[in-house]
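Just data-v8.tsv here, TSV, C-alpha atoms:
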chain	number	residue	atom	x	y	z
A	24	MET	CA	-122.40	-43.41	2.59
A	25	GLN	CA	-122.90	-42.94	6.33
A	26	TYR	CA	-121.35	-45.65	8.54
A	27	ILE	CA	-121.09	-43.74	11.87
A	28	TYR	CA	-124.22	-43.09	13.96
A	29	GLY	CA	-124.64	-40.93	17.04
A	30	TYR	CA	-127.84	-41.91	18.76
A	31	GLU	CA	-128.27	-38.46	20.28
A	32	GLU	CA	-128.54	-37.20	16.69
A	33	LEU	CA	-131.18	-39.71	15.58
A	34	ASN	CA	-134.38	-37.88	16.44
A	35	THR	CA	-135.05	-38.05	12.70
A	36	ALA	CA	-133.74	-40.33	9.97
A	37	PRO	CA	-130.69	-38.98	8.08
A	38	ASP	CA	-131.31	-37.51	4.62
A	39	ASN	CA	-128.10	-38.98	3.17
A	40	PRO	CA	-127.50	-42.62	2.15
A	41	THR	CA	-126.89	-44.89	5.15
A	42	SER	CA	-125.26	-48.31	5.52
A	43	ALA	CA	-128.04	-49.44	7.89
A	44	ARG	CA	-131.76	-48.70	7.97
A	45	VAL	CA	-132.43	-46.09	10.67
A	46	ALA	CA	-135.52	-46.00	12.89
A	47	PRO	CA	-135.36	-42.67	14.80
A	48	ARG	CA	-135.71	-42.43	18.57
A	49	ARG	CA	-139.16	-43.37	19.87
A	50	VAL	CA	-141.01	-45.57	22.34
A	51	LEU	CA	-140.04	-48.97	20.98
A	52	SER	CA	-143.01	-51.12	21.93
A	53	GLY	CA	-145.98	-49.03	20.78
A	54	PRO	CA	-147.23	-45.69	19.50
A	55	THR	CA	-147.22	-44.31	23.06
A	56	MET	CA	-145.94	-45.43	26.47
A	57	GLU	CA	-149.51	-46.22	27.57
A	58	THR	CA	-150.25	-48.40	24.52
A	59	GLY	CA	-147.00	-50.37	24.59
A	60	LYS	CA	-145.63	-53.00	26.98
A	61	SER	CA	-142.35	-51.31	27.94
A	62	SER	CA	-140.92	-47.93	28.91
A	63	THR	CA	-137.91	-48.40	26.60
A	64	ILE	CA	-137.07	-45.42	24.38
A	65	GLY	CA	-134.40	-45.69	21.72
A	66	ALA	CA	-133.20	-45.42	18.13
A	67	VAL	CA	-132.60	-48.57	16.10
A	68	LEU	CA	-130.14	-49.45	13.35
A	69	TYR	CA	-131.15	-52.42	11.18
A	70	GLY	CA	-128.50	-54.30	9.24
A	71	GLU	CA	-128.99	-57.43	7.17
A	72	HIS	CA	-128.12	-59.87	9.95
A	73	VAL	CA	-127.87	-57.71	13.10
A	74	ALA	CA	-130.00	-54.94	14.60
A	75	VAL	CA	-128.85	-52.67	17.43
A	76	ALA	CA	-130.40	-49.97	19.60
A	77	LEU	CA	-129.13	-47.52	22.17
A	78	ALA	CA	-132.00	-47.55	24.62
A	79	MET	CA	-133.08	-45.94	27.89
A	80	GLN	CA	-135.50	-46.94	30.63
A	81	ALA	CA	-136.48	-44.50	33.36
A	82	ALA	CA	-135.67	-45.67	36.89
A	83	GLY	CA	-138.24	-48.10	38.27
A	84	SER	CA	-139.76	-48.93	34.87
A	85	GLY	CA	-139.25	-51.41	32.07
A	86	ALA	CA	-140.72	-54.28	30.09
A	87	LYS	CA	-143.48	-56.71	31.01
A	88	ALA	CA	-142.92	-60.43	30.53
A	89	HIS	CA	-142.50	-61.01	26.80
A	90	THR	CA	-140.71	-63.20	24.29
A	91	HIS	CA	-139.35	-63.06	20.75
A	92	PRO	CA	-137.82	-65.56	18.30
A	93	ASN	CA	-134.52	-63.69	18.07
A	94	GLU	CA	-131.86	-63.63	20.75
A	95	GLN	CA	-130.70	-60.47	22.51
A	96	PHE	CA	-127.57	-59.20	24.23
A	97	ASN	CA	-127.77	-56.03	26.35
A	98	TYR	CA	-124.57	-54.20	27.32
A	99	ILE	CA	-125.28	-51.99	30.35
A	100	LEU	CA	-123.93	-48.46	29.97
A	101	GLN	CA	-125.51	-46.88	33.06
A	102	GLY	CA	-127.66	-48.12	35.92
A	103	VAL	CA	-128.63	-51.71	36.81
A	104	MET	CA	-130.96	-54.00	34.84
A	105	VAL	CA	-133.08	-56.45	36.83
A	106	SER	CA	-134.45	-59.37	34.82
A	107	ASP	CA	-136.39	-62.58	35.15
A	108	ILE	CA	-135.33	-64.96	32.36
A	109	ASN	CA	-137.11	-68.29	31.88
A	110	GLU	CA	-138.60	-67.98	35.38
A	111	ALA	CA	-135.14	-68.05	36.96
A	112	MET	CA	-134.43	-66.11	40.12
A	113	LYS	CA	-133.87	-62.41	39.49
A	114	THR	CA	-130.60	-61.46	37.82
A	115	PHE	CA	-128.90	-58.08	37.97
A	116	GLY	CA	-126.75	-56.63	35.18
A	117	LYS	CA	-124.50	-53.76	36.26
A	118	LYS	CA	-122.56	-51.20	34.23
A	119	GLY	CA	-120.05	-52.95	31.96
A	120	MET	CA	-121.86	-56.30	32.09
A	121	ILE	CA	-123.89	-58.06	29.40
A	122	VAL	CA	-127.32	-59.62	29.91
A	123	HIS	CA	-128.09	-62.38	27.38
A	124	THR	CA	-131.62	-63.52	26.54
A	125	PRO	CA	-131.74	-66.64	24.33
A	126	SER	CA	-134.36	-66.86	21.61
A	127	MET	CA	-137.95	-67.65	22.72
A	128	SER	CA	-137.09	-67.08	26.39
A	129	VAL	CA	-139.83	-65.52	28.49
A	130	HIS	CA	-138.21	-62.55	30.20
A	131	THR	CA	-138.63	-59.15	31.78
A	132	GLY	CA	-136.18	-56.27	32.08
A	133	GLN	CA	-136.42	-53.11	34.20
A	134	ALA	CA	-134.22	-50.27	35.38
A	135	CYS	CA	-133.50	-50.60	39.09
A	136	PRO	CA	-134.75	-47.78	41.36
A	137	ASP	CA	-131.58	-45.76	41.92
A	138	GLU	CA	-131.10	-44.24	38.44
A	139	ASP	CA	-132.19	-44.30	34.81
A	140	MET	CA	-130.67	-47.12	32.77
A	141	TYR	CA	-128.97	-46.88	29.38
A	142	PHE	CA	-128.08	-50.03	27.45
A	143	PHE	CA	-126.88	-51.16	24.03
A	144	ALA	CA	-129.28	-53.82	22.72
A	145	MET	CA	-128.06	-56.28	20.07
A	146	LYS	CA	-130.39	-58.70	18.26
A	147	ASP	CA	-130.34	-60.94	15.23
A	148	THR	CA	-132.83	-60.09	12.49
A	149	ARG	CA	-135.10	-63.14	12.63
A	150	HIS	CA	-137.59	-60.79	14.31
A	151	GLY	CA	-137.97	-57.08	15.03
A	152	ILE	CA	-136.54	-55.08	17.91
A	153	THR	CA	-139.42	-55.89	20.31
A	154	GLY	CA	-141.56	-58.93	21.09
A	155	PRO	CA	-145.18	-59.39	22.22
A	156	PRO	CA	-146.20	-59.46	25.90
A	157	VAL	CA	-146.99	-62.91	27.28
A	158	ASP	CA	-150.40	-61.77	28.55
A	159	GLY	CA	-151.25	-60.22	25.16
A	160	LYS	CA	-152.05	-56.83	26.72
A	161	TYR	CA	-150.48	-53.60	25.55
A	162	ASP	CA	-151.45	-51.63	28.62
A	163	GLY	CA	-148.25	-49.84	29.55
A	164	PRO	CA	-144.86	-50.68	31.06
A	165	PHE	CA	-144.00	-52.80	34.05
A	166	TYR	CA	-143.27	-50.69	37.13
A	167	LEU	CA	-141.35	-51.53	40.28
A	168	PRO	CA	-142.93	-50.62	43.66
A	169	GLY	CA	-142.97	-46.87	44.19
A	170	PHE	CA	-143.09	-45.97	40.49
A	171	GLY	CA	-145.81	-45.29	37.91
A	172	LYS	CA	-148.99	-47.28	38.52
A	173	ARG	CA	-147.42	-48.61	41.74
A	174	ALA	CA	-146.44	-45.22	43.16
A	175	ASP	CA	-148.41	-45.88	46.36
A	176	GLU	CA	-146.29	-48.95	47.21
A	177	PRO	CA	-143.10	-48.67	49.31
A	178	ARG	CA	-140.05	-47.97	47.18
A	179	ARG	CA	-136.89	-50.05	47.65
A	180	THR	CA	-133.32	-49.24	46.75
A	181	THR	CA	-131.34	-51.28	44.26
A	182	THR	CA	-129.26	-52.73	47.10
A	183	GLN	CA	-132.41	-53.79	48.94
A	184	MET	CA	-133.73	-55.49	45.80
A	185	MET	CA	-130.52	-57.43	45.34
A	186	THR	CA	-130.42	-58.45	48.99
A	187	GLU	CA	-134.06	-59.56	48.97
A	188	SER	CA	-133.60	-61.61	45.79
A	189	GLY	CA	-131.19	-63.93	47.58
A	190	THR	CA	-129.12	-64.57	44.46
A	191	ASP	CA	-125.94	-63.30	42.86
A	192	PRO	CA	-126.05	-61.12	39.73
A	193	GLN	CA	-125.48	-63.99	37.30
A	194	GLY	CA	-128.42	-66.36	37.77
A	195	GLU	CA	-128.80	-69.31	40.11
A	196	LYS	CA	-128.75	-72.23	37.66
A	197	THR	CA	-128.06	-70.81	34.21
A	198	ARG	CA	-125.72	-67.90	33.71
A	199	TYR	CA	-127.38	-65.08	31.76
A	200	VAL	CA	-125.31	-62.14	33.04
A	201	TYR	CA	-121.64	-61.85	32.08
A	202	ASP	CA	-118.94	-59.85	33.83
A	203	PHE	CA	-116.01	-59.56	31.44
A	204	ASN	CA	-113.61	-59.36	34.37
A	205	ASP	CA	-114.51	-62.98	35.11
A	206	LEU	CA	-115.63	-65.25	32.27
A	207	SER	CA	-114.63	-68.47	34.04
A	208	GLU	CA	-116.98	-71.43	34.19
A	209	ARG	CA	-118.84	-72.04	37.46
A	210	ALA	CA	-119.31	-75.52	38.89
A	211	GLY	CA	-122.90	-76.72	38.66
A	212	ARG	CA	-124.05	-73.82	36.48
A	213	GLY	CA	-124.76	-73.77	32.78
A	214	SER	CA	-124.22	-70.73	30.57
A	215	SER	CA	-126.57	-69.27	27.98
A	216	ALA	CA	-123.62	-68.44	25.70
A	217	ARG	CA	-120.17	-69.90	25.13
A	218	MET	CA	-117.50	-67.83	26.85
A	219	VAL	CA	-114.08	-67.11	25.33
A	220	PRO	CA	-111.94	-65.21	27.86
A	221	GLY	CA	-108.49	-63.78	27.32
A	222	LEU	CA	-108.78	-62.38	23.79
A	223	GLN	CA	-105.60	-60.63	22.60
A	224	LEU	CA	-106.40	-59.25	19.15
A	225	ALA	CA	-103.42	-56.88	18.87
A	226	SER	CA	-100.90	-55.14	21.08
A	227	GLY	CA	-102.84	-53.27	23.76
A	228	VAL	CA	-106.21	-54.80	22.71
A	229	SER	CA	-107.68	-57.37	25.11
A	230	GLY	CA	-111.08	-58.62	26.24
A	231	GLY	CA	-113.54	-61.48	26.04
A	232	LEU	CA	-116.10	-62.98	23.66
A	233	LEU	CA	-119.56	-64.50	23.99
A	234	ILE	CA	-120.80	-66.82	21.22
A	235	SER	CA	-124.42	-67.90	20.91
A	236	GLU	CA	-126.87	-69.07	18.27
A	237	LYS	CA	-126.86	-66.15	15.83
A	238	LEU	CA	-124.66	-63.51	17.46
A	239	GLN	CA	-121.16	-63.19	18.89
A	240	VAL	CA	-120.28	-60.24	21.09
A	241	ALA	CA	-116.84	-59.05	22.18
A	242	VAL	CA	-116.04	-56.45	24.83
A	243	LEU	CA	-112.56	-55.08	24.14
A	244	ASP	CA	-110.38	-52.68	26.13
A	245	LEU	CA	-107.92	-50.65	24.08
A	246	ALA	CA	-104.87	-49.01	25.63
A	247	PRO	CA	-104.14	-45.40	24.58
A	248	GLY	CA	-103.12	-45.43	20.91
A	249	ALA	CA	-103.76	-49.17	20.50
A	250	THR	CA	-104.55	-50.15	16.92
A	251	LEU	CA	-106.76	-52.72	15.20
A	252	PRO	CA	-105.31	-52.54	11.67
A	253	ALA	CA	-107.59	-52.12	8.66
A	254	HIS	CA	-109.13	-55.40	7.55
A	255	GLY	CA	-112.35	-56.86	6.16
A	256	HIS	CA	-114.44	-59.96	6.84
A	257	GLU	CA	-117.60	-61.77	5.73
A	258	ASN	CA	-119.51	-61.02	8.95
A	259	GLU	CA	-121.65	-57.94	9.41
A	260	GLN	CA	-120.50	-55.88	12.39
A	261	PHE	CA	-121.70	-53.10	14.66
A	262	THR	CA	-119.26	-51.53	17.15
A	263	LEU	CA	-120.26	-49.26	20.02
A	264	VAL	CA	-117.69	-46.97	21.59
A	265	ALA	CA	-118.77	-47.55	25.21
A	266	GLU	CA	-116.00	-45.48	26.83
A	267	GLY	CA	-113.36	-43.12	25.51
A	268	ASP	CA	-113.00	-42.32	21.82
A	269	VAL	CA	-111.40	-43.80	18.70
A	270	GLN	CA	-110.32	-42.85	15.21
A	271	ALA	CA	-112.07	-45.28	12.87
A	272	SER	CA	-111.44	-45.92	9.20
A	273	VAL	CA	-114.38	-47.33	7.24
A	274	ALA	CA	-114.27	-47.82	3.48
A	275	ASP	CA	-111.03	-45.76	3.37
A	276	ASN	CA	-112.62	-42.76	5.13
A	277	SER	CA	-111.42	-41.65	8.59
A	278	HIS	CA	-113.83	-40.64	11.36
A	279	HIS	CA	-113.44	-39.45	14.95
A	280	VAL	CA	-115.92	-41.59	16.89
A	281	LYS	CA	-116.99	-40.41	20.33
A	282	GLU	CA	-118.49	-42.26	23.29
A	283	ARG	CA	-121.91	-43.84	22.62
A	284	PHE	CA	-121.51	-43.58	18.86
A	285	VAL	CA	-121.85	-46.71	16.72
A	286	ILE	CA	-119.84	-47.89	13.70
A	287	HIS	CA	-121.62	-50.14	11.18
A	288	VAL	CA	-119.47	-52.34	8.96
A	289	PRO	CA	-121.27	-54.33	6.24
A	290	PRO	CA	-119.61	-57.55	5.02
A	291	GLN	CA	-116.28	-57.13	3.21
A	292	VAL	CA	-115.97	-53.41	3.96
A	293	SER	CA	-112.46	-52.44	5.08
A	294	HIS	CA	-112.26	-50.97	8.59
A	295	GLY	CA	-109.82	-50.32	11.43
A	296	ILE	CA	-109.62	-48.52	14.78
A	297	VAL	CA	-107.02	-46.51	16.72
A	298	ALA	CA	-107.81	-45.71	20.37
A	299	GLY	CA	-107.64	-42.11	21.59
A	300	THR	CA	-105.15	-40.72	24.08
A	301	LYS	CA	-107.13	-42.03	27.07
A	302	GLY	CA	-107.86	-45.45	25.58
A	303	ALA	CA	-111.29	-46.89	24.89
A	304	ARG	CA	-113.72	-49.72	25.56
A	305	ILE	CA	-115.65	-51.00	22.55
A	306	VAL	CA	-118.50	-53.51	22.23
A	307	THR	CA	-118.48	-55.37	18.92
A	308	VAL	CA	-121.28	-57.63	17.68
A	309	GLN	CA	-121.06	-59.84	14.60
A	310	ASP	CA	-123.34	-62.47	13.15
A	311	THR	CA	-122.16	-66.10	13.51
A	312	ARG	CA	-122.18	-67.12	9.83
A	313	PHE	CA	-118.39	-67.00	10.09
A	314	ALA	CA	-115.92	-67.12	12.99
A	315	PHE	CA	-115.31	-63.94	14.96
A	316	ALA	CA	-112.95	-61.79	12.92
A	317	GLY	CA	-111.90	-59.04	15.32
Here is a file; write its structure as structure tokens.
Amino acid sequence: MQYIYGYEELNTAPDNPTSARVAPRRVLSGPTMETGKSSTIGAVLYGEHVAVALAMQAAGSGAKAHTHPNEQFNYILQGVMVSDINEAMKTFGKKGMIVHTPSMSVHTGQACPDEDMYFFAMKDTRHGITGPPVDGKYDGPFYLPGFGKRADEPRRTTTQMMTESGTDPQGEKTRYVYDFNDLSERAGRGSSARMVPGLQLASGVSGGLLISEKLQVAVLDLAPGATLPAHGHENEQFTLVAEGDVQASVADNSHHVKERFVIHVPPQVSHGIVAGTKGARIVTVQDTRFAFAG
């Protein structure tokens, strides 16, 4: 049974048995870029309660305003994501941050102009990996000025966009963007998810947790050689190695898991992790049927 998935290897579905259903890399919102509503390209892993994708948007492109009945967390691996969520002022998610979109929220999401954006998308399985555009038209992605259909408009830098927006990266009234270096509450501002800072799961393993309606997401930093001992729990879990590498045991089999590979752990399957010699950062998502189990 395959439990470890490298997205760079998922141009086709594996021939062997897999713990999650695999949808190979493709344009996610339609048969082609021109007949979809987003520029997002990625491969998707579908579990019973959680679905995840490692996705890419080319600089200056992204998704039109859309909505879906499942919630979504995006961990930014490279680039900057600019979003409008529930008609709030623009928010900006940088590398290492998470952008949270609650269920049924009208939202956009594009890669800022300076570089292509890679992100780890996490959704519950009440709906598929994409949602319909608000205007009902599948007529291609949204483009920022200077790109695609708007190539004749003046292009701005990411810094210019952030300056012109007049807001900080987290949202003016409701916090949708989370920097795990600072999960403190802000006076006068609500939060789309409950924040649990200061997690210490084992010696050399620390981070923070976000808990929402159907999903709970932890970002954990592991010191070199730090260990999460083998254990099992009722929650389904996907874990992305965002930085570094780990040695993972799943169902009593050991695997070397490199950066941007994903570990899927179905309920009650034994698993553990040991960080490599340079340490690691991992992003772990579980469903909320039970408390977060580490």
Do you know which residues are at most 12 Å from stretch 47-56 of chain A counting all atoms listed in the file, after dropping those on the same chain fewer than 6 positions away, and could you put them as a PDB file with C-alpha atoms, in the frame of the given file?
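Output saved as around00.pdb:
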ATOM      1  CA  TYR A  28    -124.220 -43.090  13.960  1.00  0.00           C
ATOM      2  CA  GLY A  29    -124.640 -40.930  17.040  1.00  0.00           C
ATOM      3  CA  TYR A  30    -127.840 -41.910  18.760  1.00  0.00           C
ATOM      4  CA  GLU A  31    -128.270 -38.460  20.280  1.00  0.00           C
ATOM      5  CA  GLU A  32    -128.540 -37.200  16.690  1.00  0.00           C
ATOM      6  CA  LEU A  33    -131.180 -39.710  15.580  1.00  0.00           C
ATOM      7  CA  ASN A  34    -134.380 -37.880  16.440  1.00  0.00           C
ATOM      8  CA  THR A  35    -135.050 -38.050  12.700  1.00  0.00           C
ATOM      9  CA  ALA A  36    -133.740 -40.330   9.970  1.00  0.00           C
ATOM     10  CA  PRO A  37    -130.690 -38.980   8.080  1.00  0.00           C
ATOM     11  CA  SER A  62    -140.920 -47.930  28.910  1.00  0.00           C
ATOM     12  CA  THR A  63    -137.910 -48.400  26.600  1.00  0.00           C
ATOM     13  CA  ILE A  64    -137.070 -45.420  24.380  1.00  0.00           C
ATOM     14  CA  GLY A  65    -134.400 -45.690  21.720  1.00  0.00           C
ATOM     15  CA  ALA A  66    -133.200 -45.420  18.130  1.00  0.00           C
ATOM     16  CA  VAL A  67    -132.600 -48.570  16.100  1.00  0.00           C
ATOM     17  CA  LEU A  68    -130.140 -49.450  13.350  1.00  0.00           C
ATOM     18  CA  TYR A  69    -131.150 -52.420  11.180  1.00  0.00           C
ATOM     19  CA  ALA A  76    -130.400 -49.970  19.600  1.00  0.00           C
ATOM     20  CA  LEU A  77    -129.130 -47.520  22.170  1.00  0.00           C
ATOM     21  CA  ALA A  78    -132.000 -47.550  24.620  1.00  0.00           C
ATOM     22  CA  MET A  79    -133.080 -45.940  27.890  1.00  0.00           C
ATOM     23  CA  GLN A  80    -135.500 -46.940  30.630  1.00  0.00           C
ATOM     24  CA  ALA A  81    -136.480 -44.500  33.360  1.00  0.00           C
ATOM     25  CA  SER A  84    -139.760 -48.930  34.870  1.00  0.00           C
ATOM     26  CA  GLY A  85    -139.250 -51.410  32.070  1.00  0.00           C
ATOM     27  CA  ALA A  86    -140.720 -54.280  30.090  1.00  0.00           C
ATOM     28  CA  LYS A  87    -143.480 -56.710  31.010  1.00  0.00           C
ATOM     29  CA  HIS A  89    -142.500 -61.010  26.800  1.00  0.00           C
ATOM     30  CA  ALA A 144    -129.280 -53.820  22.720  1.00  0.00           C
ATOM     31  CA  GLY A 151    -137.970 -57.080  15.030  1.00  0.00           C
ATOM     32  CA  ILE A 152    -136.540 -55.080  17.910  1.00  0.00           C
ATOM     33  CA  THR A 153    -139.420 -55.890  20.310  1.00  0.00           C
ATOM     34  CA  GLY A 154    -141.560 -58.930  21.090  1.00  0.00           C
ATOM     35  CA  PRO A 155    -145.180 -59.390  22.220  1.00  0.00           C
ATOM     36  CA  PRO A 156    -146.200 -59.460  25.900  1.00  0.00           C
ATOM     37  CA  LYS A 160    -152.050 -56.830  26.720  1.00  0.00           C
ATOM     38  CA  TYR A 161    -150.480 -53.600  25.550  1.00  0.00           C
ATOM     39  CA  ASP A 162    -151.450 -51.630  28.620  1.00  0.00           C
ATOM     40  CA  GLY A 163    -148.250 -49.840  29.550  1.00  0.00           C
ATOM     41  CA  PRO A 164    -144.860 -50.680  31.060  1.00  0.00           C
ATOM     42  CA  PHE A 165    -144.000 -52.800  34.050  1.00  0.00           C
ATOM     43  CA  GLY A 171    -145.810 -45.290  37.910  1.00  0.00           C
TER      44      GLY A 171
END
Please, which residues in stretch 31-73 of chain A fall within 10 Å of stretch 290-309 of chain A when counting only C-alpha atoms, and what is the closest atom pair and distance in Å to one decimal for each, ordered by chain then residue number, as a tab-separated table?
residue	atom	partner	partner_atom	distance
A:Glu71	CA	A:Pro290	CA	9.6
A:His72	CA	A:Gln309	CA	8.5
A:Val73	CA	A:Gln309	CA	7.3
Margin query: Could you list, as a ChimeraX atom specification, every residue within 12 Å of A:Asp205, counting only C-alpha atoms and ignoring same-chain residues fewer than 2 positions away?
Written below: /A:119-120,193,200-203,207-209,218-221,230-232
Checklist line | Separation of atom CA of A:Thr311 from atom CA of A:Ala216, in Å and rounded to one decimal | finding: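 Between these atoms lies a distance of 12.5 Å.
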Next item on the list: Could you jot down the atom CA of A:Thr114 to atom CA of A:Ala134 separation for me, Å, one decimal place?
Entry: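 Here the two named atoms are 12.0 Å from each other.
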Notebook entry, point to check: Can you tell me, as a ChimeraX atom specification, what residues are no more than 7 Å from A:Lys146 when counting only C-alpha atoms, ignoring any on the same chain fewer than 3 positions away?
Noted result: /A:73-75,93-96
Item checked: Shortest interatomic distance to A:Phe143 - which of A:Lys60, A:His123, A:Arg217, A:Lys281, counting only C-alpha atoms ->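 Of the candidates, the smallest distance to A:Phe143 is held by A:His123.
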Next item on the list: Would you mind reading off the distance between atom CA of A:Leu233 and atom CA of A:Ala271, one decimal, in Å?
Entry: 23.4 Å
Margin query: From (-121.2, -53.6, 13.4), in the file's coordinates, out to 6 Å: which residues are reached, counting all atoms listed in the file? Answer as a list of chain:residue names.
Written below: A:Glu259, A:Gln260, A:Phe261, A:Thr262, A:Ile286, A:His287, A:Val288, A:Val308
Notebook entry, point to check: Could you pull the residues within 6 Å of A:Val105, counting all atoms listed in the file, minus those fewer than 3 positions along the same chain, as a list in words?
Noted result: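 The contact residues come out as Thr114, Phe115, Gly132 and Gln133 of chain A.
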Create the file for the chosen residues now, containing C-alpha atoms and written as a PDB file, keeping the file's coordinate frame.
ATOM      1  CA  THR A 114    -130.600 -61.460  37.820  1.00  0.00           C
ATOM      2  CA  PHE A 115    -128.900 -58.080  37.970  1.00  0.00           C
ATOM      3  CA  GLY A 132    -136.180 -56.270  32.080  1.00  0.00           C
ATOM      4  CA  GLN A 133    -136.420 -53.110  34.200  1.00  0.00           C
TER       5      GLN A 133
END
Note to self: Can you tell me which residues surround A:Gly227 at a distance of at most 6 Å, considering all atoms listed in the file, apart from same-chain residues fewer than 4 positions away, and format the answer as a PyMOL selection string?
What the structure shows: chain A and resi 245-246+249
Margin query: Using only C-alpha atoms for the distances, tell me which of A:Tyr26, A:Lys118, A:Asn97, A:Leu243 is nearest to A:Asp139.
Written below: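 Of all the options, A:Lys118 lies closest to A:Asp139.
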